>>> print(open('entry_28.txt').read())   # compact mmCIF, C-alpha atoms and all ligand atoms
# COMPACT_ATOMS: atom_id res chain seq x y z
CA MET A 1 -21.50 -14.57 16.73
CA THR A 2 -21.12 -17.37 19.25
CA GLY A 3 -18.22 -17.41 21.65
CA PHE A 4 -16.77 -20.42 19.86
CA ALA A 5 -16.97 -18.85 16.39
CA SER A 6 -15.46 -15.66 17.72
CA ALA A 7 -12.61 -17.60 19.30
CA VAL A 8 -11.95 -19.42 16.02
CA ARG A 9 -11.93 -16.14 14.07
CA SER A 10 -9.57 -14.58 16.49
CA PHE A 11 -7.33 -17.67 16.37
CA LEU A 12 -7.21 -17.56 12.57
CA LYS A 13 -6.36 -13.85 12.64
CA THR A 14 -3.61 -14.11 15.20
CA SER A 15 -2.23 -17.59 14.66
CA ALA A 16 1.17 -17.80 13.09
CA VAL A 17 0.44 -21.37 11.94
CA PRO A 18 -0.54 -21.35 8.30
CA LEU A 19 -3.92 -22.99 7.59
CA ALA A 20 -2.32 -25.03 4.84
CA GLY A 21 -0.37 -26.78 7.55
CA ILE A 22 -3.42 -27.53 9.70
CA LEU A 23 -5.90 -28.74 7.12
CA PRO A 24 -4.10 -31.85 5.90
CA ALA A 25 -3.65 -32.93 9.50
CA LEU A 26 -7.35 -32.44 10.21
CA LEU A 27 -8.31 -34.35 7.07
CA PHE A 28 -6.01 -37.18 8.04
CA LEU A 29 -7.60 -37.38 11.49
CA SER A 30 -11.06 -37.38 10.00
CA VAL A 31 -10.25 -40.20 7.56
CA SER A 32 -8.61 -42.22 10.32
CA ALA A 33 -11.59 -41.81 12.61
CA SER A 34 -14.06 -42.97 9.99
CA GLY A 35 -12.11 -46.06 8.94
CA GLN A 36 -14.34 -49.16 8.95
CA ALA A 37 -12.05 -52.14 9.20
CA PRO A 38 -10.10 -52.52 12.44
CA HIS A 39 -6.80 -53.04 10.68
CA PRO A 40 -3.92 -53.19 13.07
CA VAL A 41 -1.39 -50.40 13.05
CA GLN A 42 1.51 -51.39 10.87
CA SER A 43 4.61 -51.93 12.93
CA ALA A 44 7.66 -49.79 12.32
CA ALA A 45 9.57 -52.93 11.35
CA SER A 46 7.35 -53.53 8.30
CA ALA A 47 6.84 -49.89 7.33
CA PRO A 48 8.31 -48.56 4.08
CA ALA A 49 12.03 -47.80 4.12
CA PRO A 50 12.69 -45.04 6.62
CA THR A 51 14.81 -42.08 5.58
CA ALA A 52 16.23 -41.53 9.07
CA PRO A 53 19.19 -43.68 10.07
CA ALA A 54 18.38 -46.63 12.33
CA ALA A 55 18.96 -46.06 16.03
CA PRO A 56 21.97 -47.80 17.51
CA ALA A 57 21.09 -51.21 18.92
CA ALA A 58 22.13 -50.19 22.45
CA ALA A 59 19.47 -47.46 22.50
CA VAL A 60 16.56 -49.83 21.79
CA ALA A 61 14.46 -50.53 24.89
CA PRO A 62 13.94 -54.20 25.75
CA LYS A 63 10.65 -55.47 24.30
CA THR A 64 7.87 -56.81 26.51
CA PRO A 65 6.08 -59.74 24.84
CA SER A 66 2.97 -58.48 23.07
CA LYS A 67 -0.41 -60.12 23.68
CA PHE A 68 -1.64 -58.87 20.34
CA ILE A 69 -2.64 -61.47 17.78
CA GLU A 70 -2.53 -60.34 14.19
CA PRO A 71 -5.87 -61.48 12.73
CA LYS A 72 -6.57 -62.39 9.15
CA TYR A 73 -9.38 -60.54 7.42
CA LEU A 74 -11.61 -62.31 4.96
CA THR A 75 -14.46 -60.95 2.85
CA LEU A 76 -17.00 -63.75 2.41
CA GLY A 77 -19.17 -62.08 -0.17
CA LYS A 78 -21.52 -59.17 -0.73
CA THR A 79 -25.05 -58.49 0.41
CA VAL A 80 -28.03 -57.80 -1.86
CA LYS A 81 -27.13 -54.10 -1.67
CA GLY A 82 -23.43 -54.74 -2.28
CA ARG A 83 -22.09 -54.41 1.27
CA ASP A 84 -19.16 -56.62 2.25
CA ILE A 85 -19.73 -59.52 4.64
CA ASN A 86 -16.52 -59.86 6.63
CA ALA A 87 -14.89 -62.42 8.87
CA THR A 88 -11.93 -62.03 11.21
CA ILE A 89 -9.75 -65.06 11.88
CA TYR A 90 -7.69 -65.48 15.06
CA GLY A 91 -5.13 -68.21 15.56
CA THR A 92 -4.16 -71.21 13.49
CA GLY A 93 -5.13 -74.08 15.79
CA ALA A 94 -6.59 -77.35 14.47
CA LYS A 95 -9.97 -76.93 16.19
CA ARG A 96 -12.13 -74.34 14.49
CA VAL A 97 -14.84 -72.34 16.23
CA LEU A 98 -17.10 -70.22 14.01
CA ILE A 99 -19.14 -67.45 15.62
CA PHE A 100 -21.97 -65.61 13.86
CA GLY A 101 -23.71 -62.39 14.91
CA GLY A 102 -26.15 -60.13 13.11
CA ILE A 103 -27.97 -62.88 11.22
CA HIS A 104 -31.10 -60.89 12.03
CA GLY A 105 -30.60 -57.19 11.36
CA ASP A 106 -32.94 -56.11 14.13
CA GLU A 107 -30.73 -57.79 16.74
CA PRO A 108 -27.81 -55.30 16.69
CA HIS A 109 -26.59 -56.27 20.17
CA THR A 110 -25.47 -59.60 18.74
CA THR A 111 -23.10 -57.69 16.45
CA VAL A 112 -21.84 -55.63 19.41
CA LEU A 113 -21.11 -58.80 21.39
CA ALA A 114 -19.33 -60.48 18.46
CA ARG A 115 -17.15 -57.38 17.98
CA ALA A 116 -16.42 -57.26 21.71
CA LEU A 117 -15.19 -60.84 21.51
CA ALA A 118 -13.03 -59.98 18.48
CA VAL A 119 -11.26 -57.10 20.23
CA ASN A 120 -10.66 -59.34 23.25
CA MET A 121 -8.91 -62.08 21.30
CA ASN A 122 -5.29 -62.06 22.42
CA ARG A 123 -2.57 -64.45 23.57
CA ASP A 124 -4.15 -64.69 27.03
CA THR A 125 -7.68 -65.44 25.85
CA LEU A 126 -7.17 -67.47 22.67
CA PRO A 127 -6.17 -71.07 23.43
CA PRO A 128 -3.35 -72.15 21.06
CA ASP A 129 -5.29 -75.19 19.86
CA LEU A 130 -8.04 -73.05 18.37
CA THR A 131 -8.80 -71.09 15.26
CA VAL A 132 -11.61 -68.67 16.08
CA ILE A 133 -13.49 -67.11 13.18
CA ILE A 134 -15.88 -64.29 13.94
CA VAL A 135 -18.51 -62.96 11.54
CA PRO A 136 -20.05 -60.12 13.55
CA ASP A 137 -22.54 -59.01 10.95
CA VAL A 138 -23.98 -61.63 8.59
CA ASN A 139 -26.80 -59.34 7.44
CA PRO A 140 -25.48 -55.75 7.27
CA ASP A 141 -28.32 -54.61 4.97
CA GLY A 142 -30.78 -55.70 7.66
CA LEU A 143 -28.71 -54.00 10.35
CA MET A 144 -28.72 -50.70 8.45
CA ALA A 145 -32.49 -50.94 7.83
CA ALA A 146 -33.20 -52.31 11.35
CA THR A 147 -35.07 -55.26 9.84
CA ARG A 148 -34.86 -58.93 10.74
CA VAL A 149 -34.81 -59.84 7.05
CA ASN A 150 -32.31 -58.98 4.33
CA ALA A 151 -32.93 -56.45 1.53
CA ASN A 152 -34.95 -59.08 -0.39
CA GLY A 153 -37.23 -59.55 2.60
CA VAL A 154 -35.80 -63.00 3.36
CA ASP A 155 -35.10 -64.33 6.86
CA ILE A 156 -31.51 -65.59 6.48
CA ASN A 157 -32.05 -68.01 9.37
CA ARG A 158 -34.81 -69.74 7.36
CA ASN A 159 -32.83 -69.80 4.10
CA PHE A 160 -30.11 -72.36 4.92
CA PRO A 161 -30.25 -75.65 2.99
CA SER A 162 -31.11 -77.82 5.99
CA LYS A 163 -33.17 -80.96 5.40
CA THR A 164 -36.02 -79.14 7.09
CA TRP A 165 -36.11 -76.13 4.74
CA ARG A 166 -39.58 -75.45 3.44
CA SER A 167 -41.23 -72.79 1.37
CA ASP A 168 -44.33 -72.23 3.50
CA TYR A 169 -44.25 -69.70 6.30
CA THR A 170 -46.68 -68.11 8.70
CA GLU A 171 -45.20 -64.65 9.27
CA GLN A 172 -43.74 -62.32 6.65
CA LYS A 173 -40.67 -61.65 8.82
CA ARG A 174 -39.82 -65.36 8.58
CA TYR A 175 -40.07 -65.57 4.78
CA PRO A 176 -37.62 -68.35 3.81
CA GLY A 177 -36.97 -67.20 0.24
CA THR A 178 -37.90 -68.85 -3.03
CA GLN A 179 -35.47 -71.73 -2.44
CA PRO A 180 -32.73 -72.70 0.02
CA SER A 181 -29.52 -70.63 -0.31
CA SER A 182 -31.28 -68.13 -2.57
CA GLU A 183 -29.68 -65.20 -0.70
CA PRO A 184 -26.11 -63.91 -1.05
CA GLU A 185 -25.79 -63.59 2.74
CA THR A 186 -26.65 -67.29 3.15
CA ARG A 187 -24.19 -68.28 0.43
CA ALA A 188 -21.44 -66.18 2.05
CA VAL A 189 -21.86 -68.12 5.30
CA LEU A 190 -21.95 -71.44 3.42
CA ALA A 191 -18.72 -70.55 1.61
CA LEU A 192 -17.03 -69.93 4.97
CA LEU A 193 -18.35 -73.21 6.39
CA GLU A 194 -16.93 -75.03 3.38
CA ARG A 195 -13.54 -73.30 3.50
CA TYR A 196 -13.15 -73.62 7.28
CA PRO A 197 -15.28 -76.61 8.37
CA PRO A 198 -16.10 -75.90 12.03
CA HIS A 199 -15.87 -78.19 15.04
CA LEU A 200 -18.08 -75.86 17.07
CA VAL A 201 -20.58 -73.23 15.89
CA VAL A 202 -21.86 -70.35 18.02
CA THR A 203 -24.77 -68.24 16.80
CA LEU A 204 -25.97 -65.05 18.48
CA HIS A 205 -29.62 -64.05 18.58
CA ALA A 206 -32.00 -61.99 20.72
CA ALA A 207 -33.95 -61.58 22.88
CA LEU A 208 -35.38 -64.70 24.56
CA GLY A 209 -32.74 -64.63 27.29
CA CYS A 210 -31.69 -68.29 27.32
CA MET A 211 -29.10 -70.78 26.10
CA ASN A 212 -30.24 -72.87 23.15
CA TRP A 213 -28.42 -75.58 21.20
CA ASP A 214 -28.76 -77.95 18.28
CA GLY A 215 -27.39 -81.46 17.89
CA PRO A 216 -24.54 -82.25 20.29
CA GLY A 217 -24.26 -78.64 21.51
CA GLY A 218 -26.00 -79.17 24.88
CA PRO A 219 -22.89 -79.54 27.09
CA PHE A 220 -21.41 -76.37 25.60
CA ALA A 221 -24.62 -74.43 26.24
CA GLN A 222 -24.35 -75.58 29.86
CA VAL A 223 -20.75 -74.31 30.13
CA MET A 224 -21.92 -70.86 29.05
CA ALA A 225 -25.06 -70.95 31.21
CA ASP A 226 -22.86 -71.57 34.26
CA ILE A 227 -21.15 -68.23 33.56
CA ASN A 228 -23.86 -65.96 32.14
CA GLY A 229 -26.61 -67.32 34.38
CA TYR A 230 -29.04 -67.80 31.51
CA PRO A 231 -31.54 -70.68 31.76
CA LEU A 232 -31.23 -73.50 29.25
CA CYS A 233 -33.84 -73.65 26.48
CA GLY A 234 -33.34 -76.77 24.37
CA SER A 235 -36.51 -75.90 22.51
CA LEU A 236 -37.53 -72.37 21.61
CA GLY A 237 -41.17 -73.39 21.41
CA TYR A 238 -41.42 -72.95 17.65
CA GLU A 239 -39.91 -74.56 14.58
CA THR A 240 -36.91 -73.06 12.78
CA PRO A 241 -36.79 -74.82 9.38
CA GLY A 242 -33.82 -73.70 7.30
CA SER A 243 -31.91 -72.33 10.29
CA LEU A 244 -28.13 -72.41 10.60
CA GLY A 245 -28.59 -74.39 13.83
CA LEU A 246 -30.55 -77.16 12.13
CA LEU A 247 -28.13 -77.33 9.19
CA MET A 248 -25.00 -77.57 11.35
CA GLY A 249 -26.28 -79.09 14.60
CA ILE A 250 -28.86 -81.58 13.37
CA ASP A 251 -27.95 -82.37 9.74
CA LYS A 252 -24.17 -82.28 10.17
CA GLN A 253 -24.03 -83.13 13.92
CA ILE A 254 -21.57 -80.30 14.63
CA PRO A 255 -22.18 -78.95 18.15
CA THR A 256 -24.04 -75.69 17.74
CA VAL A 257 -24.79 -73.28 20.57
CA THR A 258 -27.04 -70.25 20.39
CA ILE A 259 -27.03 -67.43 22.90
CA GLU A 260 -30.46 -65.85 22.94
CA LEU A 261 -29.46 -62.55 24.52
CA ARG A 262 -31.64 -60.92 27.10
CA ALA A 263 -33.44 -57.64 26.36
CA LYS A 264 -30.83 -55.46 28.03
CA ASN A 265 -28.42 -52.70 27.08
CA PRO A 266 -25.32 -53.69 25.11
CA SER A 267 -22.80 -53.01 27.87
CA ASP A 268 -24.65 -55.32 30.30
CA LEU A 269 -24.90 -57.97 27.58
CA VAL A 270 -21.18 -57.81 26.87
CA GLN A 271 -20.39 -57.89 30.59
CA GLU A 272 -22.38 -61.10 31.16
CA ASN A 273 -21.64 -62.87 27.88
CA LEU A 274 -18.03 -62.06 27.02
CA PRO A 275 -16.75 -64.13 29.99
CA ALA A 276 -19.14 -66.93 28.97
CA LEU A 277 -17.78 -66.95 25.41
CA LEU A 278 -14.17 -66.93 26.63
CA ALA A 279 -14.95 -69.78 29.04
CA LEU A 280 -16.51 -71.74 26.18
CA LEU A 281 -13.36 -71.34 24.06
CA LYS A 282 -11.15 -72.49 26.95
CA HIS A 283 -13.41 -75.46 27.67
CA PHE A 284 -13.61 -76.50 24.02
CA ALA A 285 -9.83 -76.27 23.57
CA ALA A 286 -9.29 -78.53 26.60
CA LYS A 287 -11.67 -81.24 25.37
ZN ZN J 1 -32.39 -63.83 15.65
>>> encode(input="entry_28.txt", output="structure tokens", more="lines below")
Ligand SMILES: [Zn+2]
Amino acid sequence: MTGFASAVRSFLKTSAVPLAGILPALLFLSVSASGQAPHPVQSAASAPAPTAPAAPAAAVAPKTPSKFIEPKYLTLGKTVKGRDINATIYGTGAKRVLIFGGIHGDEPHTTVLARALAVNMNRDTLPPDLTVIIVPDVNPDGLMAATRVNANGVDINRNFPSKTWRSDYTEQKRYPGTQPSSEPETRAVLALLERYPPHLVVTLHAALGCMNWDGPGGPFAQVMADINGYPLCGSLGYETPGSLGLLMGIDKQIPTVTIELRAKNPSDLVQENLPALLALLKHFAAK
């Protein structure tokens, strides 16, 4: 018997605490730890009616203003395999910024960066004029399978109904689907774009290590490049028919910026790109 097992056995023999009292607590902890959605803790004020009498007003400590922003959660649709595609909405400002990570499932660091931005949205970092909508994981089936494409083998970033969409392709990993918007992941993004028409779009990809843009997004790419130190790459050197950038930036002339992350570890990528994203939001709000 290992030392640990022996210690547990001896604890169970000698402990006066009944197991029935411990197990529910352990189960509760386990369920809490595995929760998926980052729902905020419900405040005491909105909790179900307490049985204990309210504390006298004089005993309540003065409140410091909270920086926390209560986000709205939105499910945009389901993937081929039935996973939810979720967005988190911060603020209610008139200028909307939509940010997309995980369009390609084999670029998981883009999802990490988008989530890092989400947890850093607060009253200090979110300009009041903005609504910021973050979709950290457009293609969760691809993320789980570590594939660029979705579960139908379609490259979501070649499946958008841009004027340039075309059915021919050179590499299997860039298969554009049988027709534009054929994929549920694409349609989920389109539904969000229709419900919350953006004034600025940010897409996250990897791993060319440069700042790319479509349409009038160039000045915004420059703002980020000044902070993250990435070189500008107006052209990626290959065509991207049916991409989100061409649909929004070129067809609709909405400034669209793409961070092509470097091939580095996620903590370095967050360290160099989170300040760049926050600077972009501040800059865009002031325009
Ligand atoms: Zn990509």
>>> residues_around(input="entry_28.txt", residues="range 135-144 of chain A", least_positions_apart="6", cutoff="6 Å", atoms="only C-alpha atoms", output="PyMOL selection string")
chain A and resi 87+100-103+105+111+114-115+150
>>> write_last_selection(input="entry_28.txt", atoms="C-alpha atoms", output="PDB file, in the frame of the given file")
ATOM      1  CA  ALA A  87     -14.890 -62.420   8.870  1.00  0.00           C
ATOM      2  CA  PHE A 100     -21.970 -65.610  13.860  1.00  0.00           C
ATOM      3  CA  GLY A 101     -23.710 -62.390  14.910  1.00  0.00           C
ATOM      4  CA  GLY A 102     -26.150 -60.130  13.110  1.00  0.00           C
ATOM      5  CA  ILE A 103     -27.970 -62.880  11.220  1.00  0.00           C
ATOM      6  CA  GLY A 105     -30.600 -57.190  11.360  1.00  0.00           C
ATOM      7  CA  THR A 111     -23.100 -57.690  16.450  1.00  0.00           C
ATOM      8  CA  ALA A 114     -19.330 -60.480  18.460  1.00  0.00           C
ATOM      9  CA  ARG A 115     -17.150 -57.380  17.980  1.00  0.00           C
ATOM     10  CA  ASN A 150     -32.310 -58.980   4.330  1.00  0.00           C
TER      11      ASN A 150
END
>>> residues_near_ligand(input="entry_28.txt", ligand="ligand ZN 1 (chain J)", cutoff="12 Å", atoms="all atoms listed in the file", output="tab-separated table (two decimals) with C-alpha atoms, in the frame of the given file")
chain	number	residue	atom	x	y	z
A	100	PHE	CA	-21.97	-65.61	13.86
A	101	GLY	CA	-23.71	-62.39	14.91
A	102	GLY	CA	-26.15	-60.13	13.11
A	103	ILE	CA	-27.97	-62.88	11.22
A	104	HIS	CA	-31.10	-60.89	12.03
A	105	GLY	CA	-30.60	-57.19	11.36
A	106	ASP	CA	-32.94	-56.11	14.13
A	107	GLU	CA	-30.73	-57.79	16.74
A	108	PRO	CA	-27.81	-55.30	16.69
A	109	HIS	CA	-26.59	-56.27	20.17
A	110	THR	CA	-25.47	-59.60	18.74
A	111	THR	CA	-23.10	-57.69	16.45
A	137	ASP	CA	-22.54	-59.01	10.95
A	138	VAL	CA	-23.98	-61.63	8.59
A	139	ASN	CA	-26.80	-59.34	7.44
A	142	GLY	CA	-30.78	-55.70	7.66
A	143	LEU	CA	-28.71	-54.00	10.35
A	147	THR	CA	-35.07	-55.26	9.84
A	148	ARG	CA	-34.86	-58.93	10.74
A	149	VAL	CA	-34.81	-59.84	7.05
A	155	ASP	CA	-35.10	-64.33	6.86
A	156	ILE	CA	-31.51	-65.59	6.48
A	157	ASN	CA	-32.05	-68.01	9.37
A	158	ARG	CA	-34.81	-69.74	7.36
A	173	LYS	CA	-40.67	-61.65	8.82
A	174	ARG	CA	-39.82	-65.36	8.58
A	203	THR	CA	-24.77	-68.24	16.80
A	204	LEU	CA	-25.97	-65.05	18.48
A	205	HIS	CA	-29.62	-64.05	18.58
A	206	ALA	CA	-32.00	-61.99	20.72
A	207	ALA	CA	-33.95	-61.58	22.88
A	208	LEU	CA	-35.38	-64.70	24.56
A	209	GLY	CA	-32.74	-64.63	27.29
A	212	ASN	CA	-30.24	-72.87	23.15
A	236	LEU	CA	-37.53	-72.37	21.61
A	240	THR	CA	-36.91	-73.06	12.78
A	243	SER	CA	-31.91	-72.33	10.29
A	244	LEU	CA	-28.13	-72.41	10.60
A	245	GLY	CA	-28.59	-74.39	13.83
A	258	THR	CA	-27.04	-70.25	20.39
A	259	ILE	CA	-27.03	-67.43	22.90
A	260	GLU	CA	-30.46	-65.85	22.94
A	261	LEU	CA	-29.46	-62.55	24.52
A	262	ARG	CA	-31.64	-60.92	27.10
>>> atom_distance(input="entry_28.txt", atom1="CA of Val112 in chain A", atom2="CA of Asn265 in chain A")
10.5 Å
>>> residues_around(input="entry_28.txt", residues="Pro71 in chain A", least_positions_apart="5", cutoff="7 Å", atoms="all atoms listed in the file", output="PyMOL selection string")
chain A and resi 88-90
>>> atom_distance(input="entry_28.txt", atom1="CA of Trp165 in chain A", atom2="CA of Gly234 in chain A")
19.8 Å
>>> closest_residue(input="entry_28.txt", among="A:Ala276, A:Met248, A:Leu130, A:Leu74", to="Leu190 in chain A", atoms="only C-alpha atoms")
A:Met248
>>> atom_distance(input="entry_28.txt", atom1="CA of Gly217 in chain A", atom2="CA of Tyr238 in chain A")
18.5 Å
>>> residues_around(input="entry_28.txt", residues="Asp226 in chain A", least_positions_apart="5", cutoff="12 Å", atoms="all atoms listed in the file", output="PyMOL selection string")
chain A and resi 210-211+219-221+231-232+272-273+275-277+279-280
>>> residues_around(input="entry_28.txt", residues="Asn152 in chain A", least_positions_apart="5", cutoff="9 Å", atoms="only C-alpha atoms", output="PyMOL selection string")
chain A and resi 80+177+183
>>> closest_residue(input="entry_28.txt", among="A:Pro184, A:Pro198, A:Pro266, A:Gly242", to="Ile99 in chain A", atoms="all atoms listed in the file")
A:Pro198
>>> closest_residue(input="entry_28.txt", among="A:Pro241, A:Cys233, A:Ser182, A:Glu194", to="Asp168 in chain A", atoms="only C-alpha atoms")
A:Pro241
>>> decode(input="entry_28.txt", residues="range 62-130 of chain A", atoms="C-alpha atoms", output="mmCIF file, in the first residue's frame")
data_model
loop_
_atom_site.group_PDB
_atom_site.id
_atom_site.type_symbol
_atom_site.label_atom_id
_atom_site.label_comp_id
_atom_site.auth_asym_id
_atom_site.auth_seq_id
_atom_site.Cartn_x
_atom_site.Cartn_y
_atom_site.Cartn_z
ATOM 1 C CA PRO A 62 -18.606 50.560 2.250
ATOM 2 C CA LYS A 63 -18.441 49.216 -1.313
ATOM 3 C CA THR A 64 -15.477 49.906 -3.582
ATOM 4 C CA PRO A 65 -16.597 50.395 -7.192
ATOM 5 C CA SER A 66 -16.256 47.118 -9.083
ATOM 6 C CA LYS A 67 -14.396 46.984 -12.399
ATOM 7 C CA PHE A 68 -16.314 43.875 -13.368
ATOM 8 C CA ILE A 69 -18.511 44.086 -16.444
ATOM 9 C CA GLU A 70 -21.336 41.605 -16.595
ATOM 10 C CA PRO A 71 -21.124 40.131 -20.103
ATOM 11 C CA LYS A 72 -23.968 38.761 -22.151
ATOM 12 C CA TYR A 73 -23.618 35.212 -23.432
ATOM 13 C CA LEU A 74 -24.934 34.263 -26.823
ATOM 14 C CA THR A 75 -24.990 30.882 -28.546
ATOM 15 C CA LEU A 76 -24.669 31.502 -32.288
ATOM 16 C CA GLY A 77 -25.393 27.999 -33.461
ATOM 17 C CA LYS A 78 -24.073 24.459 -33.413
ATOM 18 C CA THR A 79 -21.194 22.792 -35.198
ATOM 19 C CA VAL A 80 -21.456 19.764 -37.499
ATOM 20 C CA LYS A 81 -20.966 17.573 -34.419
ATOM 21 C CA GLY A 82 -23.470 19.538 -32.340
ATOM 22 C CA ARG A 83 -21.100 21.631 -30.218
ATOM 23 C CA ASP A 84 -22.218 25.144 -29.286
ATOM 24 C CA ILE A 85 -20.541 28.129 -30.926
ATOM 25 C CA ASN A 86 -20.551 30.884 -28.319
ATOM 26 C CA ALA A 87 -20.031 34.620 -28.206
ATOM 27 C CA THR A 88 -19.473 36.875 -25.209
ATOM 28 C CA ILE A 89 -20.653 40.480 -25.421
ATOM 29 C CA TYR A 90 -19.109 43.298 -23.368
ATOM 30 C CA GLY A 91 -20.544 46.779 -23.158
ATOM 31 C CA THR A 92 -23.407 48.471 -24.951
ATOM 32 C CA GLY A 93 -21.593 51.201 -26.889
ATOM 33 C CA ALA A 94 -22.662 52.264 -30.384
ATOM 34 C CA LYS A 95 -19.430 51.136 -32.082
ATOM 35 C CA ARG A 96 -19.230 47.383 -32.415
ATOM 36 C CA VAL A 97 -15.987 45.427 -32.606
ATOM 37 C CA LEU A 98 -16.266 41.718 -33.444
ATOM 38 C CA ILE A 99 -13.303 39.463 -32.695
ATOM 39 C CA PHE A 100 -12.974 35.899 -34.002
ATOM 40 C CA GLY A 101 -10.531 33.195 -32.895
ATOM 41 C CA GLY A 102 -10.339 29.499 -33.669
ATOM 42 C CA ILE A 103 -11.591 29.738 -37.247
ATOM 43 C CA HIS A 104 -8.926 27.148 -37.989
ATOM 44 C CA GLY A 105 -8.959 24.349 -35.426
ATOM 45 C CA ASP A 106 -5.224 23.739 -35.668
ATOM 46 C CA GLU A 107 -4.501 27.290 -34.476
ATOM 47 C CA PRO A 108 -5.480 26.848 -30.793
ATOM 48 C CA HIS A 109 -3.379 29.802 -29.616
ATOM 49 C CA THR A 110 -5.850 32.116 -31.341
ATOM 50 C CA THR A 111 -8.554 30.767 -29.015
ATOM 51 C CA VAL A 112 -6.266 31.274 -26.001
ATOM 52 C CA LEU A 113 -5.648 34.903 -26.993
ATOM 53 C CA ALA A 114 -9.350 35.602 -27.576
ATOM 54 C CA ARG A 115 -10.193 34.155 -24.147
ATOM 55 C CA ALA A 116 -7.409 36.190 -22.554
ATOM 56 C CA LEU A 117 -8.955 39.322 -24.036
ATOM 57 C CA ALA A 118 -12.388 38.295 -22.736
ATOM 58 C CA VAL A 119 -11.203 37.873 -19.147
ATOM 59 C CA ASN A 120 -9.447 41.237 -19.365
ATOM 60 C CA MET A 121 -12.538 43.175 -20.386
ATOM 61 C CA ASN A 122 -13.420 45.446 -17.486
ATOM 62 C CA ARG A 123 -14.323 49.060 -16.775
ATOM 63 C CA ASP A 124 -10.677 50.119 -17.135
ATOM 64 C CA THR A 125 -10.053 48.395 -20.461
ATOM 65 C CA LEU A 126 -13.403 48.622 -22.258
ATOM 66 C CA PRO A 127 -14.037 52.116 -23.654
ATOM 67 C CA PRO A 128 -17.659 53.147 -22.959
ATOM 68 C CA ASP A 129 -18.339 53.876 -26.630
ATOM 69 C CA LEU A 130 -17.756 50.261 -27.616
#
